[in-house]
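Everything below belongs to coords.txt, which stores compact mmCIF, C-alpha atoms and all ligand atoms.
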```txt
# COMPACT_ATOMS: atom_id res chain seq x y z
CA MET A 1 34.39 7.92 22.22
CA GLU A 2 32.10 6.98 19.31
CA THR A 3 29.22 9.27 20.24
CA LYS A 4 28.76 12.05 22.78
CA ALA A 5 25.34 13.25 23.88
CA THR A 6 24.56 16.81 24.98
CA TRP A 7 21.20 18.31 25.93
CA TYR A 8 20.22 21.75 24.71
CA THR A 9 17.38 23.43 26.52
CA ASN A 10 14.94 26.19 25.71
CA GLY A 11 15.08 27.32 29.31
CA LYS A 12 12.09 25.25 30.39
CA SER A 13 12.75 21.66 29.46
CA LYS A 14 15.51 19.53 28.05
CA ASN A 15 13.91 19.40 24.65
CA VAL A 16 16.79 19.00 22.21
CA LYS A 17 19.16 16.06 22.46
CA VAL A 18 22.31 16.40 20.38
CA LEU A 19 24.36 13.32 19.53
CA VAL A 20 27.79 14.00 18.06
CA CYS A 21 29.11 10.93 16.24
CA LYS A 22 32.61 10.20 15.04
CA ASP A 23 31.57 9.80 11.41
CA TYR A 24 28.73 9.64 8.91
CA GLU A 25 28.33 5.86 9.19
CA THR A 26 27.87 5.99 12.97
CA LEU A 27 25.46 8.91 12.62
CA SER A 28 23.41 7.06 9.99
CA LYS A 29 23.22 3.91 12.14
CA LYS A 30 22.08 5.92 15.16
CA ALA A 31 19.37 7.68 13.16
CA ALA A 32 18.19 4.42 11.57
CA GLY A 33 18.17 2.83 15.02
CA ILE A 34 15.74 5.46 16.29
CA LEU A 35 13.42 5.01 13.29
CA ALA A 36 13.68 1.23 13.57
CA GLY A 37 12.79 1.39 17.26
CA ILE A 38 9.64 3.33 16.47
CA ILE A 39 8.60 0.88 13.72
CA SER A 40 9.29 -2.06 16.06
CA VAL A 41 6.99 -0.80 18.80
CA LYS A 42 4.42 0.61 16.36
CA PRO A 43 4.31 -1.45 13.15
CA ASP A 44 1.92 1.07 11.54
CA ALA A 45 4.19 3.99 12.39
CA ILE A 46 3.83 7.18 10.36
CA LEU A 47 7.20 8.49 9.24
CA GLY A 48 7.93 11.94 7.87
CA LEU A 49 10.85 11.57 5.45
CA ALA A 50 13.43 13.78 3.77
CA THR A 51 15.51 13.58 0.62
CA GLY A 52 19.02 14.93 -0.04
CA SER A 53 22.37 13.36 0.73
CA SER A 54 22.16 13.52 4.55
CA PRO A 55 19.59 10.71 5.08
CA VAL A 56 20.96 8.35 2.40
CA GLY A 57 23.07 6.40 4.95
CA THR A 58 20.06 6.21 7.29
CA TYR A 59 17.97 4.72 4.47
CA GLN A 60 20.76 2.25 3.63
CA GLU A 61 20.79 1.06 7.23
CA LEU A 62 16.99 0.73 7.28
CA ILE A 63 17.22 -1.38 4.11
CA ARG A 64 19.90 -3.53 5.79
CA LEU A 65 17.66 -4.05 8.82
CA TYR A 66 14.77 -4.99 6.53
CA GLU A 67 16.93 -7.45 4.59
CA ALA A 68 18.11 -8.96 7.89
CA GLY A 69 14.47 -9.63 8.76
CA ILE A 70 14.56 -7.17 11.66
CA LEU A 71 12.20 -4.57 10.17
CA ASP A 72 8.82 -4.89 8.50
CA PHE A 73 7.50 -1.90 6.52
CA SER A 74 4.24 -3.54 5.43
CA GLN A 75 2.07 -1.27 7.61
CA VAL A 76 4.34 1.79 7.72
CA LYS A 77 3.03 5.03 6.23
CA THR A 78 5.27 7.84 5.00
CA TYR A 79 4.86 11.54 4.25
CA ASN A 80 7.72 13.34 2.52
CA LEU A 81 8.68 16.91 3.24
CA ASP A 82 8.86 18.32 -0.23
CA GLU A 83 9.03 17.98 -4.00
CA TYR A 84 10.32 20.13 -6.83
CA TYR A 85 7.75 22.08 -8.85
CA PRO A 86 7.02 21.64 -11.65
CA LEU A 87 8.25 18.06 -11.93
CA GLU A 88 6.49 14.75 -12.51
CA ALA A 89 6.88 12.04 -9.88
CA THR A 90 8.39 9.75 -12.54
CA ASN A 91 11.12 12.25 -13.50
CA ASP A 92 14.44 10.83 -12.31
CA GLN A 93 15.27 14.16 -10.63
CA SER A 94 12.08 14.18 -8.58
CA TYR A 95 12.11 13.57 -4.86
CA HIS A 96 9.50 10.88 -5.39
CA TYR A 97 11.94 9.05 -7.66
CA PHE A 98 14.72 9.60 -5.10
CA MET A 99 12.63 7.99 -2.35
CA ASN A 100 11.82 5.01 -4.57
CA THR A 101 15.44 4.37 -5.49
CA ASN A 102 16.92 5.11 -2.05
CA LEU A 103 14.34 3.36 0.14
CA PHE A 104 10.88 2.36 -1.03
CA ASP A 105 11.96 0.00 -3.86
CA HIS A 106 14.15 -1.95 -1.42
CA VAL A 107 11.71 -2.61 1.43
CA ASN A 108 8.23 -4.13 1.69
CA ILE A 109 6.39 -0.83 1.98
CA ASP A 110 2.95 -0.63 0.37
CA LYS A 111 3.31 2.19 -2.18
CA ASN A 112 -0.31 3.17 -1.40
CA ASN A 113 1.00 4.19 2.01
CA VAL A 114 3.63 6.50 0.53
CA HIS A 115 2.89 10.22 0.25
CA VAL A 116 5.06 12.80 -1.49
CA PRO A 117 3.74 16.29 -2.25
CA ASP A 118 2.52 16.54 -5.84
CA GLY A 119 4.94 18.73 -7.79
CA ASN A 120 2.93 18.47 -10.96
CA ALA A 121 -0.63 19.25 -9.90
CA ALA A 122 -2.83 21.35 -12.17
CA ASP A 123 -3.89 23.32 -9.10
CA MET A 124 -0.92 23.77 -6.78
CA ASN A 125 -2.94 25.63 -4.14
CA GLU A 126 -5.25 22.65 -3.92
CA ALA A 127 -2.22 20.29 -3.78
CA CYS A 128 -0.88 22.26 -0.80
CA THR A 129 -4.22 22.35 1.02
CA SER A 130 -4.92 18.66 0.55
CA TYR A 131 -1.40 17.65 1.69
CA GLU A 132 -1.82 19.73 4.85
CA ALA A 133 -5.29 18.24 5.40
CA MET A 134 -3.76 14.74 5.24
CA LEU A 135 -1.20 15.72 7.90
CA ASP A 136 -4.02 17.05 10.08
CA GLU A 137 -6.08 13.92 9.56
CA ILE A 138 -3.27 11.68 10.84
CA GLY A 139 -2.65 14.07 13.74
CA GLY A 140 0.99 14.67 12.73
CA VAL A 141 3.63 12.10 11.84
CA ASP A 142 5.13 9.98 14.62
CA ILE A 143 8.62 11.10 13.70
CA GLN A 144 9.89 13.60 11.13
CA LEU A 145 13.34 13.00 9.68
CA LEU A 146 15.02 16.23 8.57
CA GLY A 147 18.21 17.34 6.87
CA ILE A 148 19.29 20.97 7.09
CA GLY A 149 20.49 23.37 4.42
CA GLY A 150 23.77 25.25 4.85
CA ASN A 151 21.57 28.35 5.23
CA GLY A 152 19.48 26.70 7.97
CA HIS A 153 16.53 25.71 5.80
CA ILE A 154 14.37 22.70 6.72
CA GLY A 155 12.20 21.18 4.05
CA PHE A 156 12.29 23.98 1.51
CA ASN A 157 11.56 26.65 4.11
CA GLU A 158 14.21 29.14 3.16
CA PRO A 159 15.46 32.03 5.33
CA THR A 160 12.83 34.76 5.17
CA ASP A 161 11.10 37.45 7.24
CA THR A 162 8.28 35.31 8.64
CA PHE A 163 7.81 31.63 9.38
CA VAL A 164 5.31 30.09 6.95
CA GLY A 165 3.00 27.59 8.64
CA PRO A 166 1.33 25.18 6.24
CA THR A 167 2.40 23.31 3.10
CA HIS A 168 3.08 25.90 0.41
CA VAL A 169 4.84 26.63 -2.87
CA VAL A 170 8.29 28.18 -2.40
CA GLU A 171 10.79 30.00 -4.59
CA LEU A 172 14.18 28.39 -4.01
CA THR A 173 17.05 30.72 -3.08
CA GLU A 174 20.13 31.04 -5.26
CA SER A 175 22.23 29.21 -2.61
CA THR A 176 19.84 26.26 -2.55
CA ILE A 177 19.73 26.08 -6.35
CA GLN A 178 23.55 26.12 -6.34
CA ALA A 179 23.72 23.42 -3.63
CA ASN A 180 21.21 21.18 -5.41
CA SER A 181 22.77 21.62 -8.85
CA ARG A 182 25.19 18.80 -7.94
CA PHE A 183 22.36 16.37 -8.64
CA PHE A 184 21.62 17.86 -12.11
CA GLU A 185 23.57 17.97 -15.37
CA LYS A 186 23.53 21.76 -15.46
CA ILE A 187 22.35 24.44 -13.06
CA GLU A 188 19.65 25.63 -15.51
CA ASP A 189 17.97 22.23 -15.05
CA VAL A 190 17.36 22.78 -11.31
CA PRO A 191 13.70 23.75 -10.77
CA THR A 192 13.40 27.17 -9.18
CA LYS A 193 10.29 26.29 -7.16
CA ALA A 194 9.12 23.52 -4.85
CA ILE A 195 6.12 22.42 -2.81
CA SER A 196 7.12 22.01 0.82
CA MET A 197 5.67 21.28 4.21
CA GLY A 198 5.73 24.56 6.10
CA ILE A 199 7.25 25.21 9.49
CA GLY A 200 3.85 24.57 11.08
CA SER A 201 3.49 21.26 9.23
CA ILE A 202 6.93 20.13 10.43
CA MET A 203 6.23 21.21 14.02
CA LYS A 204 3.11 19.00 14.07
CA ALA A 205 5.40 15.94 14.20
CA LYS A 206 5.39 14.09 17.52
CA LYS A 207 9.17 13.70 17.36
CA ILE A 208 11.81 15.33 15.19
CA LEU A 209 15.08 13.73 14.13
CA LEU A 210 17.56 15.93 12.25
CA VAL A 211 20.73 14.55 10.68
CA ALA A 212 23.63 16.62 9.37
CA ASN A 213 27.25 16.00 8.50
CA GLY A 214 30.23 17.93 7.23
CA GLU A 215 31.68 21.38 7.85
CA GLY A 216 29.21 22.96 5.41
CA LYS A 217 26.52 22.44 8.03
CA ALA A 218 28.52 23.69 11.06
CA LYS A 219 27.22 27.26 10.99
CA ALA A 220 23.60 26.22 10.40
CA ILE A 221 23.76 23.74 13.31
CA ALA A 222 25.25 26.32 15.68
CA ASP A 223 22.70 28.95 14.62
CA THR A 224 19.89 26.41 15.06
CA LEU A 225 20.91 25.39 18.58
CA GLU A 226 22.65 28.41 20.03
CA GLY A 227 21.23 31.37 18.11
CA PRO A 228 17.94 33.23 18.43
CA ILE A 229 14.71 31.74 17.09
CA THR A 230 14.34 33.57 13.81
CA PRO A 231 12.86 32.90 10.37
CA GLN A 232 16.28 33.89 9.01
CA VAL A 233 17.39 30.47 10.37
CA PRO A 234 14.26 28.36 9.79
CA ALA A 235 15.61 25.37 11.76
CA SER A 236 15.93 27.55 14.88
CA ILE A 237 12.18 27.02 15.39
CA LEU A 238 13.07 23.50 16.55
CA GLN A 239 14.09 25.07 19.88
CA LEU A 240 10.33 25.32 20.51
CA HIS A 241 9.51 21.67 19.73
CA HIS A 242 9.18 19.40 22.74
CA ASP A 243 11.04 16.36 21.36
CA VAL A 244 13.99 16.88 19.04
CA THR A 245 17.07 14.73 18.44
CA ILE A 246 19.87 16.13 16.31
CA ILE A 247 22.51 13.65 15.16
CA ILE A 248 25.64 15.15 13.63
CA ASP A 249 29.29 14.37 13.02
CA GLU A 250 32.25 16.21 14.56
CA ALA A 251 32.60 18.50 11.53
CA ALA A 252 28.98 19.67 11.75
CA ALA A 253 29.46 20.19 15.51
CA ALA A 254 32.56 22.35 15.01
CA ASN A 255 30.88 25.72 15.78
CA LEU A 256 28.87 24.58 18.84
CA LYS A 257 30.12 26.59 21.82
CA GLU A 258 28.16 24.70 24.49
CA TYR A 259 29.26 21.30 23.19
CA HIS A 260 32.93 22.31 23.15
CA ALA A 261 32.77 24.19 26.48
C1 LIG A 301 15.06 17.49 1.45
C2 LIG A 301 14.96 18.73 2.23
C3 LIG A 301 16.10 19.66 2.39
C4 LIG A 301 17.42 18.95 2.69
C5 LIG A 301 18.56 19.96 2.84
C6 LIG A 301 19.88 19.28 3.07
O1 LIG A 301 13.83 16.81 1.45
O2 LIG A 301 13.91 18.99 2.71
O3 LIG A 301 15.81 20.55 3.43
O4 LIG A 301 17.28 18.20 3.86
O5 LIG A 301 18.65 20.75 1.70
O6 LIG A 301 20.24 18.60 1.92
P1 LIG A 301 21.49 17.60 1.91
O7 LIG A 301 21.16 16.50 2.84
O8 LIG A 301 21.58 17.13 0.50
O9 LIG A 301 22.67 18.40 2.35
```
Take the structure from the file and write it as C-alpha cells.
Amino acid sequence: METKATWYTNGKSKNVKVLVCKDYETLSKKAAGILAGIISVKPDAILGLATGSSPVGTYQELIRLYEAGILDFSQVKTYNLDEYYPLEATNDQSYHYFMNTNLFDHVNIDKNNVHVPDGNAADMNEACTSYEAMLDEIGGVDIQLLGIGGNGHIGFNEPTDTFVGPTHVVELTESTIQANSRFFEKIEDVPTKAISMGIGSIMKAKKILLVANGEGKAKAIADTLEGPITPQVPASILQLHHDVTIIIDEAAAANLKEYHA
C-alpha cells in the first residue's frame, strides 16, 4: 500500500491524523496536495512555512502545480517560522534566501505578501513583538507547515524546561548546530542564535501539517505522538492542537508502537 492512515487521539477527539507513506516523494506529494487544496478553496490563504530539507519536496510539488496552471499564488500570504540571528535576509545561508530559491522565486507570489522573521533587526525584542502582533492580527495562519528536529524541536523551539509561547530569540543547541552545519562550509559558520515563532505562535495555526522522513526522525516522531506532553519534546504539544496531520515515511514511523500494533 502506498500510504496508510492512522488516527492518534488525545483521549477526547481524533485530533492527529498520521499518514505513513512509502517514500519521500509520496509524502511530499501528499503534503503539497493538502496545501494546494487550501489555496484552491481560499485563494488568499495564509500559509505558515518552514525551511530545512523536509519540506523541499513539498515546495517542488507546489511549483510543479503552479507551472501546470493548477495553482495561483497571487493572493497567498506566507509567514515563516524562523530565521537565523544575526543574519541578513540577502545572505545565502538565511532562511529568507532559502524560501526565495526553493519556492517564492518559482511561483507568482507577491513578495509583499511574504513574511520571514527579521534576523538582522537593530532591536530584536521589537522584531519578536511585531512578528507576533502580525500573527495575532491575521488571527493565526490557515495552515502551518512544520518539520521536526531529531530532538523533537519545532521551529527553533529546542527541548527545555518550559514551553515558550510567543516569537522569541533562541540559543540553538549543540545538536541543532551540528545538524544544520551540513548547509554551511564549516560548523563555526552556523549562527548560534535564531528568531523563532514560539510554541504559542505555532499553536495559533488553524491547521498543522508536519512532514518528516528518515530514521533520524523516528524517535522524535514516536515521542511526539506516543510520549507525554513535555517541553523536553517540544513537538509533543501538538497532541493538544485540534487539527494536526503528520505525514511521514516508513523509516520515520519505525518507532511508532500504535501504528505497528
Ligand atoms: C525550519 C525549522 C526546523 C526544521 C527542523 C528539521 O524552519 O523550523 O524546525 O523543520 O530542524 O529540519 P530538516 O527538515 O532539515 O531535517
Which residues are near ligand LIG 301 (chain A) - at most 8 Å, using only C-alpha atoms and all ligand atoms? Format: as a list in words.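 Here is the list of contacting residues: Leu49, Ala50, Thr51, Gly52, Ser53, Ser54, Pro55, Asn80, Leu81, Asp82, Glu83, Tyr95, Leu146, Gly147, Ile148, Gly149, Gly150, His153, Ile154, Gly155, Phe156, Asn157, Thr176, Ala179, Asn180, Ser196, Ala212 and Lys217 of chain A.
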Would you mind telling me which residue in A:Glu174, A:Ala251, A:Phe73, A:Trp7 lies nearest to A:Gly216 when using only C-alpha atoms?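 Closest to A:Gly216 of all the choices is A:Ala251.
Close to (5.0, -4.1, 10.1), meaning no more than 12 Å away when counting all atoms listed in the file, sit the residues Ala36, Gly37, Ile38, Ile39, Ser40, Val41, Lys42, Pro43, Asp44, Ala45, Ile46, Tyr66, Gly69, Ile70, Leu71, Asp72, Phe73, Ser74, Gln75, Val76, Lys77, Val107, Asn108, Ile109 and Asp110 of chain A.
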For A:Gly57, the closest of A:Ala235, A:Ala220, A:Ala127, A:Val211 counting only C-alpha atoms is A:Val211
Which of these residues is nearest to A:Gly227, using all atoms listed in the file: A:Ala31, A:Met134, A:Leu256, A:Ile187?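 Among the listed residues, the smallest separation from A:Gly227 belongs to A:Leu256.
Across A:Thr160, A:Lys257, A:Asn91, A:Asp249, the tightest approach to A:Glu2 is made by A:Asp249 when counting all atoms listed in the file.
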Take the point (18.5, 8.4, 17.4) in the file's coordinates, draw a sphere of radius 7 Å around it, and report as a short mmCIF file (atom, residue, chain, number, x, y, z; two decimals) with C-alpha atoms, keeping the file's coordinate frame every protein, DNA or RNA residue with an atom inside or on it, counting all atoms listed in the file.
```cif
data_model
loop_
_atom_site.label_atom_id
_atom_site.label_comp_id
_atom_site.auth_asym_id
_atom_site.auth_seq_id
_atom_site.Cartn_x
_atom_site.Cartn_y
_atom_site.Cartn_z
CA LYS A 30 22.08 5.92 15.16
CA ALA A 31 19.37 7.68 13.16
CA GLY A 33 18.17 2.83 15.02
CA ILE A 34 15.74 5.46 16.29
CA THR A 245 17.07 14.73 18.44
CA ILE A 247 22.51 13.65 15.16
#
```
May I have the residues within 12 Å of A:Ile177 as a PyMOL selection string, using only C-alpha atoms and disregarding those fewer than 2 positions away in the same chain? chain A and resi 84+149-151+156+158+171-175+179-184+186-194
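Counting from atom CA of A:Glu132, the distance to atom CA of A:Ile221 is 27.2 Å.
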What's around A:Ile143 at 10 Å? Count only C-alpha atoms, leave out sequence neighbours fewer than 5 positions away in its own chain, and write the answer as a ChimeraX atom specification. /A:34-35,38,45-49,78,202,204-209,243-244
